[in-house]
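Below: model31.tsv (TSV, C-alpha atoms)
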chain	number	residue	atom	x	y	z
A	124	MET	CA	0.00	0.00	0.00
A	125	LYS	CA	1.39	3.41	-0.93
A	126	ALA	CA	2.18	6.02	1.65
A	127	SER	CA	0.20	9.11	0.85
A	128	CYS	CA	0.70	12.06	3.12
A	129	ALA	CA	2.24	14.46	0.63
A	130	ALA	CA	1.79	18.19	0.48
A	131	GLU	CA	-1.94	17.80	0.08
A	132	GLY	CA	-2.34	15.90	3.35
A	133	TYR	CA	-2.69	12.25	4.31
A	134	VAL	CA	-5.82	10.45	3.19
A	135	GLY	CA	-6.59	7.79	5.77
A	136	ALA	CA	-8.03	4.58	4.37
A	137	GLY	CA	-10.87	4.79	6.87
A	138	VAL	CA	-11.90	8.25	5.66
A	139	SER	CA	-11.89	7.17	2.01
A	140	SER	CA	-13.87	4.01	2.64
A	141	ARG	CA	-16.47	5.76	4.80
A	142	LEU	CA	-17.04	8.52	2.26
A	143	ALA	CA	-17.15	6.06	-0.64
A	144	ALA	CA	-19.63	3.83	1.16
A	145	VAL	CA	-22.56	6.13	0.37
A	146	ARG	CA	-23.03	7.27	-3.23
A	147	MET	CA	-24.68	10.63	-3.47
A	148	GLY	CA	-25.62	12.90	-6.34
A	149	LEU	CA	-23.71	16.17	-6.62
A	150	LYS	CA	-26.13	18.72	-8.04
A	151	ARG	CA	-23.81	21.64	-8.82
A	152	PRO	CA	-20.27	22.13	-10.12
A	153	LEU	CA	-17.71	22.46	-7.32
A	154	ILE	CA	-14.59	24.64	-7.54
A	155	PHE	CA	-11.72	24.44	-5.05
A	156	LEU	CA	-9.42	27.44	-4.66
A	157	GLY	CA	-6.38	27.54	-2.46
A	158	PRO	CA	-2.58	27.65	-2.45
A	159	PRO	CA	-0.28	24.68	-3.10
A	160	GLY	CA	-0.40	22.28	-0.16
A	161	ALA	CA	-3.82	23.43	1.10
A	162	GLY	CA	-5.40	20.00	0.75
A	163	LYS	CA	-7.52	20.65	-2.35
A	164	GLY	CA	-6.43	17.49	-4.15
A	165	THR	CA	-7.11	15.25	-1.18
A	166	GLN	CA	-10.62	16.60	-0.67
A	167	ALA	CA	-11.41	16.66	-4.39
A	168	LYS	CA	-10.54	12.97	-4.59
A	169	LEU	CA	-12.72	12.10	-1.60
A	170	LEU	CA	-15.72	14.08	-2.83
A	171	SER	CA	-15.32	12.71	-6.35
A	172	GLU	CA	-15.56	9.21	-4.90
A	173	ARG	CA	-18.43	10.03	-2.58
A	174	TYR	CA	-20.59	11.71	-5.20
A	175	ASP	CA	-19.41	9.54	-8.10
A	176	VAL	CA	-18.51	12.54	-10.28
A	177	PRO	CA	-15.30	13.43	-12.13
A	178	HIS	CA	-12.37	15.17	-10.44
A	179	LEU	CA	-11.23	17.49	-13.23
A	180	SER	CA	-7.71	18.75	-13.88
A	181	THR	CA	-6.75	20.99	-16.79
A	182	GLY	CA	-3.36	19.27	-16.83
A	183	ASP	CA	-5.06	15.92	-17.44
A	184	MET	CA	-7.18	17.49	-20.18
A	185	LEU	CA	-4.13	18.91	-21.94
A	186	ARG	CA	-2.30	15.59	-21.84
A	187	GLU	CA	-5.36	13.71	-23.13
A	188	HIS	CA	-5.92	16.06	-26.06
A	189	VAL	CA	-2.23	15.99	-27.00
A	190	SER	CA	-2.02	12.19	-26.79
A	191	THR	CA	-5.20	11.68	-28.86
A	192	GLY	CA	-4.25	14.31	-31.43
A	193	THR	CA	-7.38	16.44	-31.27
A	194	GLU	CA	-7.42	19.85	-32.92
A	195	LEU	CA	-7.02	21.52	-29.53
A	196	GLY	CA	-4.23	19.10	-28.67
A	197	ARG	CA	-2.37	19.88	-31.89
A	198	LYS	CA	-2.56	23.57	-31.05
A	199	ALA	CA	-1.36	23.04	-27.50
A	200	LYS	CA	1.49	20.59	-28.14
A	201	PRO	CA	4.11	22.95	-29.63
A	202	ILE	CA	3.42	25.47	-26.89
A	203	MET	CA	3.82	22.81	-24.20
A	204	ASP	CA	6.95	21.40	-25.87
A	205	ARG	CA	8.71	24.75	-25.59
A	206	GLY	CA	7.53	25.26	-22.01
A	207	GLY	CA	5.08	28.03	-22.83
A	208	LEU	CA	1.78	28.87	-21.18
A	209	VAL	CA	-1.15	27.40	-23.11
A	210	PRO	CA	-3.57	30.26	-23.99
A	211	ASP	CA	-6.92	30.50	-22.25
A	212	ASP	CA	-8.89	29.93	-25.45
A	213	ILE	CA	-7.33	26.47	-25.84
A	214	VAL	CA	-7.65	25.55	-22.16
A	215	LEU	CA	-11.26	26.72	-21.95
A	216	GLY	CA	-12.07	24.90	-25.19
A	217	MET	CA	-10.86	21.71	-23.51
A	218	VAL	CA	-12.83	22.53	-20.38
A	219	GLU	CA	-16.03	23.02	-22.36
A	220	GLU	CA	-15.50	19.76	-24.24
A	221	ARG	CA	-14.82	17.86	-21.03
A	222	ILE	CA	-17.84	19.05	-19.06
A	223	SER	CA	-20.10	18.27	-22.02
A	224	ARG	CA	-19.43	14.54	-21.57
A	225	PRO	CA	-22.13	12.40	-19.93
A	226	ASP	CA	-20.12	11.67	-16.79
A	227	CYS	CA	-20.26	15.38	-15.88
A	228	ALA	CA	-24.04	15.62	-16.16
A	229	GLU	CA	-24.56	15.48	-12.38
A	230	GLY	CA	-21.65	17.70	-11.47
A	231	PHE	CA	-17.87	17.64	-11.17
A	232	VAL	CA	-15.05	18.92	-8.99
A	233	PHE	CA	-12.51	21.43	-10.30
A	234	ASP	CA	-9.28	21.46	-8.31
A	235	GLY	CA	-7.25	24.65	-8.78
A	236	PHE	CA	-9.17	26.00	-11.77
A	237	PRO	CA	-9.94	28.74	-12.67
A	238	ARG	CA	-6.72	30.55	-11.80
A	239	THR	CA	-7.41	34.01	-13.21
A	240	MET	CA	-10.33	36.41	-13.54
A	241	PRO	CA	-10.65	35.98	-17.33
A	242	GLN	CA	-10.81	32.20	-16.83
A	243	ALA	CA	-13.46	32.56	-14.11
A	244	GLN	CA	-15.64	34.85	-16.21
A	245	ARG	CA	-15.37	32.63	-19.27
A	246	LEU	CA	-16.09	29.53	-17.16
A	247	ASP	CA	-19.28	31.21	-15.89
A	248	GLU	CA	-20.36	31.67	-19.50
A	249	ILE	CA	-19.60	28.05	-20.37
A	250	LEU	CA	-21.49	26.71	-17.35
A	251	ALA	CA	-24.52	28.83	-18.22
A	252	LYS	CA	-24.34	27.75	-21.86
A	253	ARG	CA	-24.25	24.10	-20.78
A	254	LYS	CA	-27.21	24.63	-18.42
A	255	PHE	CA	-25.27	23.94	-15.22
A	256	SER	CA	-26.24	25.59	-11.96
A	257	LYS	CA	-23.89	28.20	-10.53
A	258	PRO	CA	-20.85	26.55	-8.95
A	259	VAL	CA	-20.15	26.18	-5.26
A	260	VAL	CA	-16.70	27.71	-4.73
A	261	VAL	CA	-14.62	26.76	-1.70
A	262	ASN	CA	-11.49	28.63	-0.67
A	263	PHE	CA	-8.99	26.63	1.42
A	264	ARG	CA	-7.31	28.96	3.93
A	265	VAL	CA	-3.96	27.87	5.37
A	266	ASP	CA	-1.20	29.93	7.00
A	267	ASP	CA	1.98	30.18	4.93
A	268	ASP	CA	4.09	28.55	7.67
A	269	VAL	CA	1.88	25.46	7.58
A	270	LEU	CA	1.97	25.32	3.79
A	271	ILE	CA	5.74	25.62	3.66
A	272	ARG	CA	6.08	22.80	6.19
A	273	ARG	CA	3.71	20.60	4.18
A	274	VAL	CA	5.29	21.20	0.80
A	275	ALA	CA	8.94	21.48	1.83
A	276	GLY	CA	8.58	18.28	3.87
A	277	ARG	CA	7.52	16.23	0.87
A	278	ARG	CA	9.81	13.44	-0.32
A	279	VAL	CA	9.17	11.23	-3.35
A	280	CYS	CA	10.49	7.72	-4.00
A	281	SER	CA	12.73	7.75	-7.07
A	282	VAL	CA	11.65	4.21	-7.96
A	283	GLY	CA	7.94	3.74	-7.29
A	284	GLY	CA	6.81	7.35	-6.83
A	285	GLU	CA	5.46	6.85	-3.29
A	286	ILE	CA	5.09	10.13	-1.44
A	287	TYR	CA	6.06	10.85	2.17
A	288	ASN	CA	6.30	13.88	4.42
A	289	ILE	CA	9.22	14.07	6.82
A	290	TYR	CA	7.17	16.07	9.32
A	291	GLU	CA	3.70	14.54	9.16
A	292	ARG	CA	4.21	11.00	7.86
A	293	PRO	CA	7.90	10.15	7.65
A	294	PRO	CA	9.39	6.95	6.21
A	295	ARG	CA	11.08	4.49	8.58
A	296	ASP	CA	14.44	5.43	7.05
A	297	ASP	CA	14.93	9.13	6.34
A	298	SER	CA	16.47	8.47	2.94
A	299	ARG	CA	14.75	5.28	1.71
A	300	CYS	CA	11.25	4.24	0.65
A	301	ASP	CA	9.49	1.81	2.99
A	302	ASN	CA	8.16	-0.21	0.07
A	303	ASP	CA	11.05	-0.73	-2.34
A	304	GLY	CA	14.07	0.91	-0.75
A	305	GLY	CA	14.29	3.54	-3.46
A	306	ALA	CA	16.07	6.80	-2.70
A	307	LEU	CA	13.79	9.58	-1.50
A	308	ILE	CA	14.21	12.88	-3.29
A	309	GLN	CA	12.93	16.42	-2.82
A	310	ARG	CA	11.60	18.00	-5.99
A	311	SER	CA	13.23	21.27	-6.93
A	312	ASP	CA	9.96	23.19	-6.70
A	313	ASP	CA	9.32	21.82	-3.20
A	314	ARG	CA	12.28	23.65	-1.64
A	315	ALA	CA	11.22	26.16	1.02
A	316	GLU	CA	12.51	29.23	-0.84
A	317	VAL	CA	10.69	28.16	-4.03
A	318	VAL	CA	7.50	27.45	-2.08
A	319	ARG	CA	7.55	30.98	-0.66
A	320	ASP	CA	7.81	32.42	-4.18
A	321	ARG	CA	4.97	30.17	-5.37
A	322	LEU	CA	2.76	31.29	-2.49
A	323	ALA	CA	3.45	34.96	-3.18
A	324	ALA	CA	2.59	34.47	-6.86
A	325	PHE	CA	-0.56	32.61	-5.91
A	326	GLU	CA	-1.69	35.41	-3.62
A	327	ARG	CA	-1.21	38.03	-6.34
A	328	GLN	CA	-3.00	35.98	-8.98
A	329	THR	CA	-5.83	34.48	-6.96
A	330	ARG	CA	-6.91	37.25	-4.58
A	331	PRO	CA	-9.12	38.88	-7.26
A	332	LEU	CA	-10.78	35.49	-7.85
A	333	ILE	CA	-11.64	35.11	-4.19
A	334	ASP	CA	-13.07	38.63	-4.10
A	335	TYR	CA	-15.04	37.94	-7.30
A	336	TYR	CA	-16.69	34.77	-6.01
A	337	ARG	CA	-17.37	36.39	-2.65
A	338	SER	CA	-19.16	39.25	-4.43
A	339	THR	CA	-21.40	36.79	-6.29
A	340	GLY	CA	-22.35	35.03	-3.04
A	341	ASP	CA	-20.92	31.69	-4.21
A	342	LEU	CA	-17.86	31.54	-1.96
A	343	ALA	CA	-17.44	29.41	1.15
A	344	GLU	CA	-14.22	28.97	3.12
A	345	VAL	CA	-12.64	26.15	5.09
A	346	ASP	CA	-9.63	25.91	7.38
A	347	GLY	CA	-7.28	23.77	5.29
A	348	SER	CA	-4.91	23.29	8.22
A	349	ALA	CA	-7.48	21.12	10.03
A	350	SER	CA	-7.43	17.33	9.77
A	351	VAL	CA	-8.69	15.55	6.65
A	352	GLU	CA	-11.74	14.34	8.59
A	353	VAL	CA	-12.63	17.81	9.91
A	354	VAL	CA	-12.27	19.44	6.51
A	355	SER	CA	-14.35	16.68	4.88
A	356	LYS	CA	-17.14	17.19	7.39
A	357	LYS	CA	-17.12	20.95	6.82
A	358	LEU	CA	-17.28	20.48	3.05
A	359	LEU	CA	-20.32	18.22	3.36
A	360	GLU	CA	-22.01	20.88	5.49
A	361	ILE	CA	-21.23	23.54	2.88
A	362	LEU	CA	-22.65	21.40	0.08
A	363	ALA	CA	-25.82	20.73	2.07
A	364	GLU	CA	-26.24	24.47	2.75
A	365	HIS	CA	-25.94	25.19	-0.98
A	366	GLY	CA	-28.37	22.44	-1.95
A	367	ALA	CA	-25.61	20.66	-3.82
A	368	ASP	CA	-26.18	17.11	-2.66
A	369	GLY	CA	-28.93	14.54	-2.61
A	370	ASN	CA	-29.36	10.81	-2.49
A	371	ARG	CA	-28.61	9.03	-5.72
A	372	ALA	CA	-31.47	6.73	-6.68
Could I get this file's structure written as structure tokens?
Amino acid sequence: MKASCAAEGYVGAGVSSRLAAVRMGLKRPLIFLGPPGAGKGTQAKLLSERYDVPHLSTGDMLREHVSTGTELGRKAKPIMDRGGLVPDDIVLGMVEERISRPDCAEGFVFDGFPRTMPQAQRLDEILAKRKFSKPVVVNFRVDDDVLIRRVAGRRVCSVGGEIYNIYERPPRDDSRCDNDGGALIQRSDDRAEVVRDRLAAFERQTRPLIDYYRSTGDLAEVDGSASVEVVSKKLLEILAEHGADGNRA
């Protein structure tokens, strides 16, 4: 079994199995905002399992379109190959195509998208065009010191890819994977000084988004530094308050 604390927090097997035990119907799109290491990915995975809806990532969409050679993928590939930023019109074209698929009909979870005001405004237009209800937007608040500890403490097995955290869920041997003995490495963008720069950039870019969704009345907030169980419970309360859940027949 893989260790799975990571920057996004440890997902206990008990939490996952309890949430997956009851299949519900998510009635509105769900958007998670928050800095790297806030726990968005962990909670998106759990809610995706609970409500049986897709957990959407624009990175996954880009890779799928490139690998299958779609028109959007052919436009994106040369930009990605040279390390450039894929333009919004391509990304949002992929988003619109993805949420038009049948598995998104009862909702979906966006983790870390949109990232900018133009993306948010265009996404609103796409959701309305596709007859989706307004999204429930959740902002994960976590102090920078906690985030730096989470992200800078991450170590990845160079063989099997298992993820540890030296502060919250360390391996038995500081330098070796528990499963296969592979060397544990720290990714270059997980170093503390890099994390601080990433957090500063996130704050500059995302603050207008938070203010935008707050002004529309669609924003809720959670304390991302709390345990996985506590955050999960709070998210279920938020969804119930917004009328975004219901028993699946």
Nearest-residue call for Leu208 (chain A), choices A:Leu342, A:Tyr287, A:Ile222, A:Gly182, using all atoms listed in the file: A:Gly182
Expected answer as a PyMOL selection string: all residues with atoms within 12 Å of (-9.5, 25.5, -8.9), only C-alpha atoms: chain A and resi 152-159+161-164+167+178-182+231-240+242-243+246+258-263+325+329+332-333
Protein and nucleic acid residues near (-20.6, 25.6, 2.5) (cut-off 7 Å, only C-alpha atoms) as a ChimeraX atom specification: /A:343,358,360-362,364-365
Counting all atoms listed in the file, the residue of A:Arg327, A:Arg151, A:Pro201, A:Ala306 that sits nearest Lys254 (chain A):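 When distances to Lys254 (chain A) are compared using all atoms listed in the file, the smallest one comes from A:Arg151.
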CA of Asp268 (chain A) to CA of Asp313 (chain A), straight-line distance in Å: 13.8 Å
Contacts of Glu220 (chain A) within 12 Å, only C-alpha atoms, excl. fewer than 2 positions in-chain, as a list in words: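 My list of contacting residues is Thr181, Met184, Leu185, Glu187, His188, Thr193, Glu194, Leu195, Ile213, Val214, Leu215, Gly216, Met217, Val218, Ile222, Ser223, Arg224, Pro225, Asp226, Cys227, Ile249, Leu250 and Arg253 of chain A.
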Export C-alpha atoms of the chosen residues as a tab-separated table (two decimals), in the frame of the given file?
chain	number	residue	atom	x	y	z
A	181	THR	CA	-6.75	20.99	-16.79
A	184	MET	CA	-7.18	17.49	-20.18
A	185	LEU	CA	-4.13	18.91	-21.94
A	187	GLU	CA	-5.36	13.71	-23.13
A	188	HIS	CA	-5.92	16.06	-26.06
A	193	THR	CA	-7.38	16.44	-31.27
A	194	GLU	CA	-7.42	19.85	-32.92
A	195	LEU	CA	-7.02	21.52	-29.53
A	213	ILE	CA	-7.33	26.47	-25.84
A	214	VAL	CA	-7.65	25.55	-22.16
A	215	LEU	CA	-11.26	26.72	-21.95
A	216	GLY	CA	-12.07	24.90	-25.19
A	217	MET	CA	-10.86	21.71	-23.51
A	218	VAL	CA	-12.83	22.53	-20.38
A	222	ILE	CA	-17.84	19.05	-19.06
A	223	SER	CA	-20.10	18.27	-22.02
A	224	ARG	CA	-19.43	14.54	-21.57
A	225	PRO	CA	-22.13	12.40	-19.93
A	226	ASP	CA	-20.12	11.67	-16.79
A	227	CYS	CA	-20.26	15.38	-15.88
A	249	ILE	CA	-19.60	28.05	-20.37
A	250	LEU	CA	-21.49	26.71	-17.35
A	253	ARG	CA	-24.25	24.10	-20.78
Residue nearest Asp247 (chain A) among A:Tyr336, A:Val354, A:Leu169, A:Gly366 (counting all atoms listed in the file):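 Closest to Asp247 (chain A) of all the choices is A:Tyr336.
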Separation of CA of Arg273 (chain A) from CA of Asp296 (chain A), in Å and rounded to one decimal: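 Value for the CA of Arg273 (chain A)-CA of Asp296 (chain A) distance: 18.8 Å.
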Between CA of Glu229 (chain A) and CA of Asp212 (chain A) - distance in Å to one decimal: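 According to the coordinates, CA of Asp212 (chain A) and CA of Glu229 (chain A) are separated by 25.0 Å.
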Counting only C-alpha atoms, the option among A:Cys300, A:Ala228, A:Val318, A:Ile286 closest to Arg272 (chain A):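 Smallest separation from Arg272 (chain A) among the options: A:Val318.
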Exercise: Val265 (chain A) partners within 7 Å, only C-alpha atoms, chain neighbours under 2 positions left out, as a ChimeraX atom specification: /A:161,263,267,269-270,346-348
Residue nearest Asp183 (chain A) - candidates A:Arg221, A:Arg245, A:Arg319, A:Arg314, atoms counted: only C-alpha atoms: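 Using only C-alpha atoms, Asp183 (chain A) sits closest to A:Arg221.
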Among listed residues A:Val274, A:Leu149, A:Arg330, A:Cys280, nearest Ser311 (chain A) (using all atoms listed in the file): A:Val274
Mind rebuilding region 213-226 of chain A with N, CA and C atoms and writing that out as a compact mmCIF listing (two decimals), in the coordinates of the input?
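Writing done, so here's selection.txt:
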# COMPACT_ATOMS: atom_id res chain seq x y z
N ILE A 213 -7.54 27.91 -25.67
CA ILE A 213 -7.33 26.47 -25.84
C ILE A 213 -7.77 25.73 -24.58
N VAL A 214 -7.31 26.22 -23.43
CA VAL A 214 -7.65 25.55 -22.16
C VAL A 214 -9.16 25.52 -21.95
N LEU A 215 -9.81 26.64 -22.18
CA LEU A 215 -11.26 26.72 -21.95
C LEU A 215 -12.02 25.91 -23.00
N GLY A 216 -11.47 25.78 -24.20
CA GLY A 216 -12.07 24.90 -25.19
C GLY A 216 -12.06 23.46 -24.70
N MET A 217 -10.95 23.05 -24.08
CA MET A 217 -10.86 21.71 -23.51
C MET A 217 -11.81 21.54 -22.34
N VAL A 218 -11.92 22.58 -21.52
CA VAL A 218 -12.83 22.53 -20.38
C VAL A 218 -14.26 22.34 -20.87
N GLU A 219 -14.66 23.13 -21.86
CA GLU A 219 -16.03 23.02 -22.36
C GLU A 219 -16.29 21.64 -22.94
N GLU A 220 -15.33 21.11 -23.68
CA GLU A 220 -15.50 19.76 -24.24
C GLU A 220 -15.63 18.72 -23.13
N ARG A 221 -14.83 18.87 -22.09
CA ARG A 221 -14.82 17.86 -21.03
C ARG A 221 -16.12 17.86 -20.23
N ILE A 222 -16.63 19.03 -19.89
CA ILE A 222 -17.84 19.05 -19.06
C ILE A 222 -19.10 18.74 -19.86
N SER A 223 -18.96 18.66 -21.19
CA SER A 223 -20.10 18.27 -22.02
C SER A 223 -20.28 16.75 -22.07
N ARG A 224 -19.33 16.00 -21.53
CA ARG A 224 -19.43 14.54 -21.57
C ARG A 224 -20.47 14.06 -20.55
N PRO A 225 -21.05 12.89 -20.80
CA PRO A 225 -22.13 12.40 -19.93
C PRO A 225 -21.74 12.24 -18.47
N ASP A 226 -20.48 11.90 -18.19
CA ASP A 226 -20.12 11.67 -16.79
C ASP A 226 -20.11 12.94 -15.96
